[in-house]
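S.K.: Take a look at structure.pdb, PDB, C-alpha atoms:
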```pdb
ATOM      1  CA  MET A   1     -35.574  10.430 -18.374  1.00  0.00           C
ATOM      2  CA  VAL A   2     -32.320   8.683 -17.436  1.00  0.00           C
ATOM      3  CA  CYS A   3     -30.919  12.052 -16.384  1.00  0.00           C
ATOM      4  CA  LEU A   4     -33.868  12.666 -14.054  1.00  0.00           C
ATOM      5  CA  LEU A   5     -33.488   9.223 -12.468  1.00  0.00           C
ATOM      6  CA  ARG A   6     -29.773   9.769 -11.996  1.00  0.00           C
ATOM      7  CA  PHE A   7     -30.311  13.156 -10.288  1.00  0.00           C
ATOM      8  CA  GLY A   8     -33.140  11.710  -8.169  1.00  0.00           C
ATOM      9  CA  PHE A   9     -30.913   8.890  -6.983  1.00  0.00           C
ATOM     10  CA  MET A  10     -28.098  11.342  -6.190  1.00  0.00           C
ATOM     11  CA  GLY A  11     -30.508  13.533  -4.211  1.00  0.00           C
ATOM     12  CA  VAL A  12     -31.682  10.593  -2.114  1.00  0.00           C
ATOM     13  CA  ALA A  13     -28.095   9.414  -1.545  1.00  0.00           C
ATOM     14  CA  CYS A  14     -26.987  12.900  -0.465  1.00  0.00           C
ATOM     15  CA  SER A  15     -29.955  13.197   1.886  1.00  0.00           C
ATOM     16  CA  VAL A  16     -29.070   9.893   3.545  1.00  0.00           C
ATOM     17  CA  VAL A  17     -25.449  10.996   4.027  1.00  0.00           C
ATOM     18  CA  VAL A  18     -26.479  14.364   5.496  1.00  0.00           C
ATOM     19  CA  LEU A  19     -28.946  12.733   7.893  1.00  0.00           C
ATOM     20  CA  ALA A  20     -26.319  10.231   9.002  1.00  0.00           C
ATOM     21  CA  MET A  21     -23.827  13.012   9.657  1.00  0.00           C
ATOM     22  CA  VAL A  22     -26.333  15.041  11.682  1.00  0.00           C
ATOM     23  CA  GLY A  23     -27.017  12.013  13.893  1.00  0.00           C
ATOM     24  CA  CYS A  24     -23.310  11.397  14.531  1.00  0.00           C
ATOM     25  CA  GLY A  25     -22.431  14.416  16.643  1.00  0.00           C
ATOM     26  CA  SER A  26     -19.440  13.706  18.873  1.00  0.00           C
ATOM     27  CA  ASP A  27     -20.945  15.458  21.911  1.00  0.00           C
ATOM     28  CA  SER A  28     -24.069  13.273  22.030  1.00  0.00           C
ATOM     29  CA  SER A  29     -22.165  10.067  22.733  1.00  0.00           C
ATOM     30  CA  PHE A  30     -19.719  11.297  25.389  1.00  0.00           C
ATOM     31  CA  PRO A  31     -20.020   8.943  28.383  1.00  0.00           C
ATOM     32  CA  GLU A  32     -21.548  10.113  31.663  1.00  0.00           C
ATOM     33  CA  GLY A  33     -19.272  10.602  34.644  1.00  0.00           C
ATOM     34  CA  PRO A  34     -16.375  12.656  35.971  1.00  0.00           C
ATOM     35  CA  THR A  35     -13.755  13.740  33.452  1.00  0.00           C
ATOM     36  CA  GLY A  36     -10.197  14.969  33.377  1.00  0.00           C
ATOM     37  CA  THR A  37      -7.600  16.006  30.856  1.00  0.00           C
ATOM     38  CA  LEU A  38      -4.696  13.750  29.930  1.00  0.00           C
ATOM     39  CA  SER A  39      -1.397  14.779  28.376  1.00  0.00           C
ATOM     40  CA  GLY A  40       2.272  13.875  28.539  1.00  0.00           C
ATOM     41  CA  THR A  41       5.303  12.813  26.535  1.00  0.00           C
ATOM     42  CA  VAL A  42       6.186   9.565  24.776  1.00  0.00           C
ATOM     43  CA  THR A  43       9.730   8.189  24.586  1.00  0.00           C
ATOM     44  CA  LEU A  44      11.381   5.049  23.277  1.00  0.00           C
ATOM     45  CA  ASP A  45      14.754   4.241  24.842  1.00  0.00           C
ATOM     46  CA  ASP A  46      14.864   7.778  26.306  1.00  0.00           C
ATOM     47  CA  MET A  47      14.340   9.434  22.876  1.00  0.00           C
ATOM     48  CA  PRO A  48      11.117  11.113  21.692  1.00  0.00           C
ATOM     49  CA  VAL A  49       9.079   8.974  19.301  1.00  0.00           C
ATOM     50  CA  PRO A  50       8.347  10.313  15.802  1.00  0.00           C
ATOM     51  CA  ALA A  51       5.557  12.822  15.312  1.00  0.00           C
ATOM     52  CA  GLY A  52       2.371  11.078  14.242  1.00  0.00           C
ATOM     53  CA  THR A  53       2.806   8.098  16.573  1.00  0.00           C
ATOM     54  CA  SER A  54      -0.670   7.245  17.826  1.00  0.00           C
ATOM     55  CA  VAL A  55      -1.619   6.502  21.418  1.00  0.00           C
ATOM     56  CA  THR A  56      -4.870   4.779  22.373  1.00  0.00           C
ATOM     57  CA  PHE A  57      -6.242   4.672  25.903  1.00  0.00           C
ATOM     58  CA  ILE A  58      -8.956   2.050  26.503  1.00  0.00           C
ATOM     59  CA  HIS A  59     -11.132   2.622  29.584  1.00  0.00           C
ATOM     60  CA  THR A  60     -11.066  -0.665  31.526  1.00  0.00           C
ATOM     61  CA  LYS A  61     -14.705  -0.462  32.722  1.00  0.00           C
ATOM     62  CA  THR A  62     -16.503   1.078  29.746  1.00  0.00           C
ATOM     63  CA  SER A  63     -14.126   0.146  26.877  1.00  0.00           C
ATOM     64  CA  GLN A  64     -14.456   3.763  25.692  1.00  0.00           C
ATOM     65  CA  PRO A  65     -11.322   4.765  23.740  1.00  0.00           C
ATOM     66  CA  ALA A  66      -9.431   8.011  24.033  1.00  0.00           C
ATOM     67  CA  THR A  67      -6.846   8.773  21.384  1.00  0.00           C
ATOM     68  CA  ALA A  68      -3.867  11.040  20.881  1.00  0.00           C
ATOM     69  CA  VAL A  69      -1.318  11.781  18.183  1.00  0.00           C
ATOM     70  CA  VAL A  70       2.241  12.591  19.246  1.00  0.00           C
ATOM     71  CA  GLU A  71       3.463  16.045  18.207  1.00  0.00           C
ATOM     72  CA  GLN A  72       6.953  16.999  16.910  1.00  0.00           C
ATOM     73  CA  ASP A  73       8.231  17.572  20.458  1.00  0.00           C
ATOM     74  CA  GLY A  74       7.062  14.149  21.698  1.00  0.00           C
ATOM     75  CA  THR A  75       4.002  15.464  23.556  1.00  0.00           C
ATOM     76  CA  TYR A  76       0.385  14.361  23.252  1.00  0.00           C
ATOM     77  CA  THR A  77      -3.067  15.410  24.462  1.00  0.00           C
ATOM     78  CA  ALA A  78      -5.727  12.707  24.636  1.00  0.00           C
ATOM     79  CA  LYS A  79      -9.201  13.246  23.227  1.00  0.00           C
ATOM     80  CA  MET A  80     -12.404  11.304  23.687  1.00  0.00           C
ATOM     81  CA  HIS A  81     -15.171  11.721  21.115  1.00  0.00           C
ATOM     82  CA  GLY A  82     -13.207  14.610  19.616  1.00  0.00           C
ATOM     83  CA  GLN A  83     -13.057  16.564  22.859  1.00  0.00           C
ATOM     84  CA  PRO A  84      -9.848  17.293  24.843  1.00  0.00           C
ATOM     85  CA  LYS A  85     -11.187  15.517  27.920  1.00  0.00           C
ATOM     86  CA  VAL A  86     -11.450  11.876  28.964  1.00  0.00           C
ATOM     87  CA  LEU A  87     -13.586   9.866  31.346  1.00  0.00           C
ATOM     88  CA  ALA A  88     -11.951   9.418  34.763  1.00  0.00           C
ATOM     89  CA  GLY A  89     -10.781   5.892  35.566  1.00  0.00           C
ATOM     90  CA  GLU A  90      -8.168   3.314  34.637  1.00  0.00           C
ATOM     91  CA  TYR A  91      -6.986   2.821  31.061  1.00  0.00           C
ATOM     92  CA  GLN A  92      -4.950   0.247  29.170  1.00  0.00           C
ATOM     93  CA  VAL A  93      -2.537   1.975  26.798  1.00  0.00           C
ATOM     94  CA  THR A  94      -1.397   0.982  23.306  1.00  0.00           C
ATOM     95  CA  LEU A  95       0.822   2.714  20.763  1.00  0.00           C
ATOM     96  CA  ALA A  96       1.249   2.436  17.006  1.00  0.00           C
ATOM     97  CA  ASP A  97       3.660   3.784  14.413  1.00  0.00           C
ATOM     98  CA  PRO A  98       2.736   6.882  12.413  1.00  0.00           C
ATOM     99  CA  ALA A  99       0.679   6.175   9.322  1.00  0.00           C
ATOM    100  CA  GLU A 100       2.701   6.154   6.127  1.00  0.00           C
ATOM    101  CA  PRO A 101       1.757   8.896   3.683  1.00  0.00           C
ATOM    102  CA  THR A 102      -0.027   7.823   0.529  1.00  0.00           C
ATOM    103  CA  PRO A 103       2.462   7.830  -2.353  1.00  0.00           C
ATOM    104  CA  THR A 104       1.865  10.022  -5.380  1.00  0.00           C
ATOM    105  CA  PRO A 105       1.219   8.291  -8.710  1.00  0.00           C
ATOM    106  CA  GLU A 106       4.813   9.077  -9.707  1.00  0.00           C
ATOM    107  CA  GLU A 107       6.176   7.503  -6.497  1.00  0.00           C
ATOM    108  CA  MET A 108       3.979   4.429  -7.018  1.00  0.00           C
ATOM    109  CA  ALA A 109       5.252   4.073 -10.586  1.00  0.00           C
ATOM    110  CA  ALA A 110       8.862   4.363  -9.382  1.00  0.00           C
ATOM    111  CA  GLN A 111       8.222   1.745  -6.678  1.00  0.00           C
ATOM    112  CA  MET A 112       6.667  -0.636  -9.211  1.00  0.00           C
ATOM    113  CA  GLU A 113       9.596  -0.114 -11.600  1.00  0.00           C
ATOM    114  CA  ALA A 114      12.101  -0.769  -8.779  1.00  0.00           C
ATOM    115  CA  ALA A 115      10.244  -3.936  -7.767  1.00  0.00           C
ATOM    116  CA  TYR A 116      10.156  -5.128 -11.380  1.00  0.00           C
ATOM    117  CA  THR A 117      13.884  -4.549 -11.903  1.00  0.00           C
ATOM    118  CA  GLY A 118      14.844  -5.972  -8.500  1.00  0.00           C
ATOM    119  CA  GLU A 119      16.079  -2.636  -7.192  1.00  0.00           C
ATOM    120  CA  ALA A 120      13.367  -2.198  -4.556  1.00  0.00           C
ATOM    121  CA  GLU A 121      14.565  -0.823  -1.247  1.00  0.00           C
ATOM    122  CA  ASP A 122      13.924  -2.686   1.962  1.00  0.00           C
ATOM    123  CA  LYS A 123      11.342  -0.792   3.950  1.00  0.00           C
ATOM    124  CA  PRO A 124      12.474   0.145   7.434  1.00  0.00           C
ATOM    125  CA  THR A 125      10.647  -1.584  10.232  1.00  0.00           C
ATOM    126  CA  GLY A 126       8.376   0.371  12.543  1.00  0.00           C
ATOM    127  CA  VAL A 127       9.605   2.369  15.482  1.00  0.00           C
ATOM    128  CA  VAL A 128       7.118   1.208  18.123  1.00  0.00           C
ATOM    129  CA  PRO A 129       7.959  -2.329  19.307  1.00  0.00           C
ATOM    130  CA  ALA A 130       5.122  -4.767  18.502  1.00  0.00           C
ATOM    131  CA  LYS A 131       4.425  -5.574  22.172  1.00  0.00           C
ATOM    132  CA  TYR A 132       3.064  -2.022  22.660  1.00  0.00           C
ATOM    133  CA  ASN A 133       0.466  -2.470  19.865  1.00  0.00           C
ATOM    134  CA  LEU A 134      -1.948  -4.555  21.959  1.00  0.00           C
ATOM    135  CA  PRO A 135      -3.506  -3.836  25.369  1.00  0.00           C
ATOM    136  CA  GLU A 136      -2.838  -7.419  26.474  1.00  0.00           C
ATOM    137  CA  THR A 137       0.918  -7.125  25.924  1.00  0.00           C
ATOM    138  CA  SER A 138       1.782  -3.438  26.308  1.00  0.00           C
ATOM    139  CA  GLY A 139       1.984  -3.552  30.104  1.00  0.00           C
ATOM    140  CA  LEU A 140       1.034   0.135  30.163  1.00  0.00           C
ATOM    141  CA  THR A 141      -1.821   1.474  32.262  1.00  0.00           C
ATOM    142  CA  ALA A 142      -2.859   4.998  33.178  1.00  0.00           C
ATOM    143  CA  VAL A 143      -5.195   6.268  35.867  1.00  0.00           C
ATOM    144  CA  VAL A 144      -7.093   9.476  35.150  1.00  0.00           C
ATOM    145  CA  ALA A 145      -8.564  11.519  37.997  1.00  0.00           C
ATOM    146  CA  GLU A 146     -10.824  14.559  37.717  1.00  0.00           C
ATOM    147  CA  GLY A 147      -8.916  17.626  36.550  1.00  0.00           C
ATOM    148  CA  PRO A 148      -5.549  17.767  34.783  1.00  0.00           C
ATOM    149  CA  ASN A 149      -3.469  14.578  34.528  1.00  0.00           C
ATOM    150  CA  THR A 150       0.045  14.077  33.174  1.00  0.00           C
ATOM    151  CA  PHE A 151       1.116  10.605  32.069  1.00  0.00           C
ATOM    152  CA  GLY A 152       4.559  10.072  30.582  1.00  0.00           C
ATOM    153  CA  ILE A 153       4.850   6.969  28.426  1.00  0.00           C
ATOM    154  CA  THR A 154       8.267   5.328  28.460  1.00  0.00           C
ATOM    155  CA  MET A 155       8.896   2.404  26.106  1.00  0.00           C
ATOM    156  CA  PHE A 156      11.962   0.225  25.710  1.00  0.00           C
ATOM    157  CA  SER A 157      12.977  -1.641  22.559  1.00  0.00           C
ATOM    158  CA  LYS A 158      14.308  -4.635  24.468  1.00  0.00           C
TER     159      LYS A 158
END
```
If you took the structure in this file and wrote it as structure tokens, what would it be?
M.R.:
Amino acid sequence: MVCLLRFGFMGVACSVVVLAMVGCGSDSSFPEGPTGTLSGTVTLDDMPVPAGTSVTFIHTKTSQPATAVVEQDGTYTAKMHGQPKVLAGEYQVTLADPAEPTPTPEEMAAQMEAAYTGEAEDKPTGVVPAKYNLPETSGLTAVVAEGPNTFGITMFSK
């Protein structure tokens, strides 16, 4: 009996998840209006930023975000709702450091051991200066017109 209840609960839970996923198609929520493509390069003090640096473009009228991840060569292509196009208009731009990889259990154990013995290494600070993390302080804006658009992002550490 308990087994039947457990499987029944799992079936209902799986059905809810599947229905939620079907209703969350990325194409259905793309905003109406003219679109363009947006790509470019990102530098900090005239050097390419690390691969994995994230760029967020926030549409100033609709607040719709477009996002990009910087490639090995410092280039990016913005996407909105998973598509390689963005709504035309003005955007505020923010940047963030690449996400740190999740440590393996062995690495976590070594880090805990180092912290316990006082041999922990100082973690390096992020690459992207903090002022570029927020739209209010980044000072970066981009204007996207219909068709292809190139927007180079140049940051300075001081």
S.K.: Using only C-alpha atoms, can you tell me which of A:Lys79, A:Ser29, A:Val93, A:Met112 comes closest to Phe151 (chain A)?
M.R.: A:Val93
S.K.: Which residues, named as in the file, does the PyMOL selection byres ((chain A and resi 136-141) around 7) pick out? Answer as a ChimeraX atom specification.
M.R.: /A:91-94,131-135,142-143
S.K.: Rank nothing, just name the residue among A:Thr37, A:Ser157, A:Gln64, A:Gln72 nearest to Pro50 (chain A), using all atoms listed in the file.
M.R.: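 Among A:Thr37, A:Ser157, A:Gln64, A:Gln72, it is A:Gln72 that comes nearest to Pro50 (chain A).
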S.K.: Which residue, A:Glu106, A:Asp73, A:Asp97, A:Glu90, has the smallest gap to Leu38 (chain A) when you use only C-alpha atoms?
M.R.: A:Glu90
S.K.: Find the smallest box with edges along x, y and z containing every listed atom of region 124-138 of chain A, then add 5 Å on each side and report centre and edge lengths in Å to one decimal, as JSON.
M.R.:
```
{"center_x": 4.5, "center_y": -2.5, "center_z": 17.0, "size_x": 26.0, "size_y": 19.8, "size_z": 29.0}
```
S.K.: Any chance you could resolve the PyMOL selection byres ((chain A and resi 42) around 12) against this file and give the residues as a PDB file with C-alpha atoms, in the frame of the given file?
M.R.:
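As a result, part08.pdb now contains:
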```
ATOM      1  CA  SER A  39      -1.397  14.779  28.376  1.00  0.00           C
ATOM      2  CA  GLY A  40       2.272  13.875  28.539  1.00  0.00           C
ATOM      3  CA  THR A  41       5.303  12.813  26.535  1.00  0.00           C
ATOM      4  CA  THR A  43       9.730   8.189  24.586  1.00  0.00           C
ATOM      5  CA  LEU A  44      11.381   5.049  23.277  1.00  0.00           C
ATOM      6  CA  ASP A  45      14.754   4.241  24.842  1.00  0.00           C
ATOM      7  CA  ASP A  46      14.864   7.778  26.306  1.00  0.00           C
ATOM      8  CA  MET A  47      14.340   9.434  22.876  1.00  0.00           C
ATOM      9  CA  PRO A  48      11.117  11.113  21.692  1.00  0.00           C
ATOM     10  CA  VAL A  49       9.079   8.974  19.301  1.00  0.00           C
ATOM     11  CA  PRO A  50       8.347  10.313  15.802  1.00  0.00           C
ATOM     12  CA  ALA A  51       5.557  12.822  15.312  1.00  0.00           C
ATOM     13  CA  GLY A  52       2.371  11.078  14.242  1.00  0.00           C
ATOM     14  CA  THR A  53       2.806   8.098  16.573  1.00  0.00           C
ATOM     15  CA  SER A  54      -0.670   7.245  17.826  1.00  0.00           C
ATOM     16  CA  VAL A  55      -1.619   6.502  21.418  1.00  0.00           C
ATOM     17  CA  ALA A  68      -3.867  11.040  20.881  1.00  0.00           C
ATOM     18  CA  VAL A  69      -1.318  11.781  18.183  1.00  0.00           C
ATOM     19  CA  VAL A  70       2.241  12.591  19.246  1.00  0.00           C
ATOM     20  CA  GLU A  71       3.463  16.045  18.207  1.00  0.00           C
ATOM     21  CA  GLN A  72       6.953  16.999  16.910  1.00  0.00           C
ATOM     22  CA  ASP A  73       8.231  17.572  20.458  1.00  0.00           C
ATOM     23  CA  GLY A  74       7.062  14.149  21.698  1.00  0.00           C
ATOM     24  CA  THR A  75       4.002  15.464  23.556  1.00  0.00           C
ATOM     25  CA  TYR A  76       0.385  14.361  23.252  1.00  0.00           C
ATOM     26  CA  THR A  77      -3.067  15.410  24.462  1.00  0.00           C
ATOM     27  CA  VAL A  93      -2.537   1.975  26.798  1.00  0.00           C
ATOM     28  CA  THR A  94      -1.397   0.982  23.306  1.00  0.00           C
ATOM     29  CA  LEU A  95       0.822   2.714  20.763  1.00  0.00           C
ATOM     30  CA  ALA A  96       1.249   2.436  17.006  1.00  0.00           C
ATOM     31  CA  VAL A 128       7.118   1.208  18.123  1.00  0.00           C
ATOM     32  CA  THR A 150       0.045  14.077  33.174  1.00  0.00           C
ATOM     33  CA  PHE A 151       1.116  10.605  32.069  1.00  0.00           C
ATOM     34  CA  GLY A 152       4.559  10.072  30.582  1.00  0.00           C
ATOM     35  CA  ILE A 153       4.850   6.969  28.426  1.00  0.00           C
ATOM     36  CA  THR A 154       8.267   5.328  28.460  1.00  0.00           C
ATOM     37  CA  MET A 155       8.896   2.404  26.106  1.00  0.00           C
ATOM     38  CA  PHE A 156      11.962   0.225  25.710  1.00  0.00           C
TER      39      PHE A 156
END
```
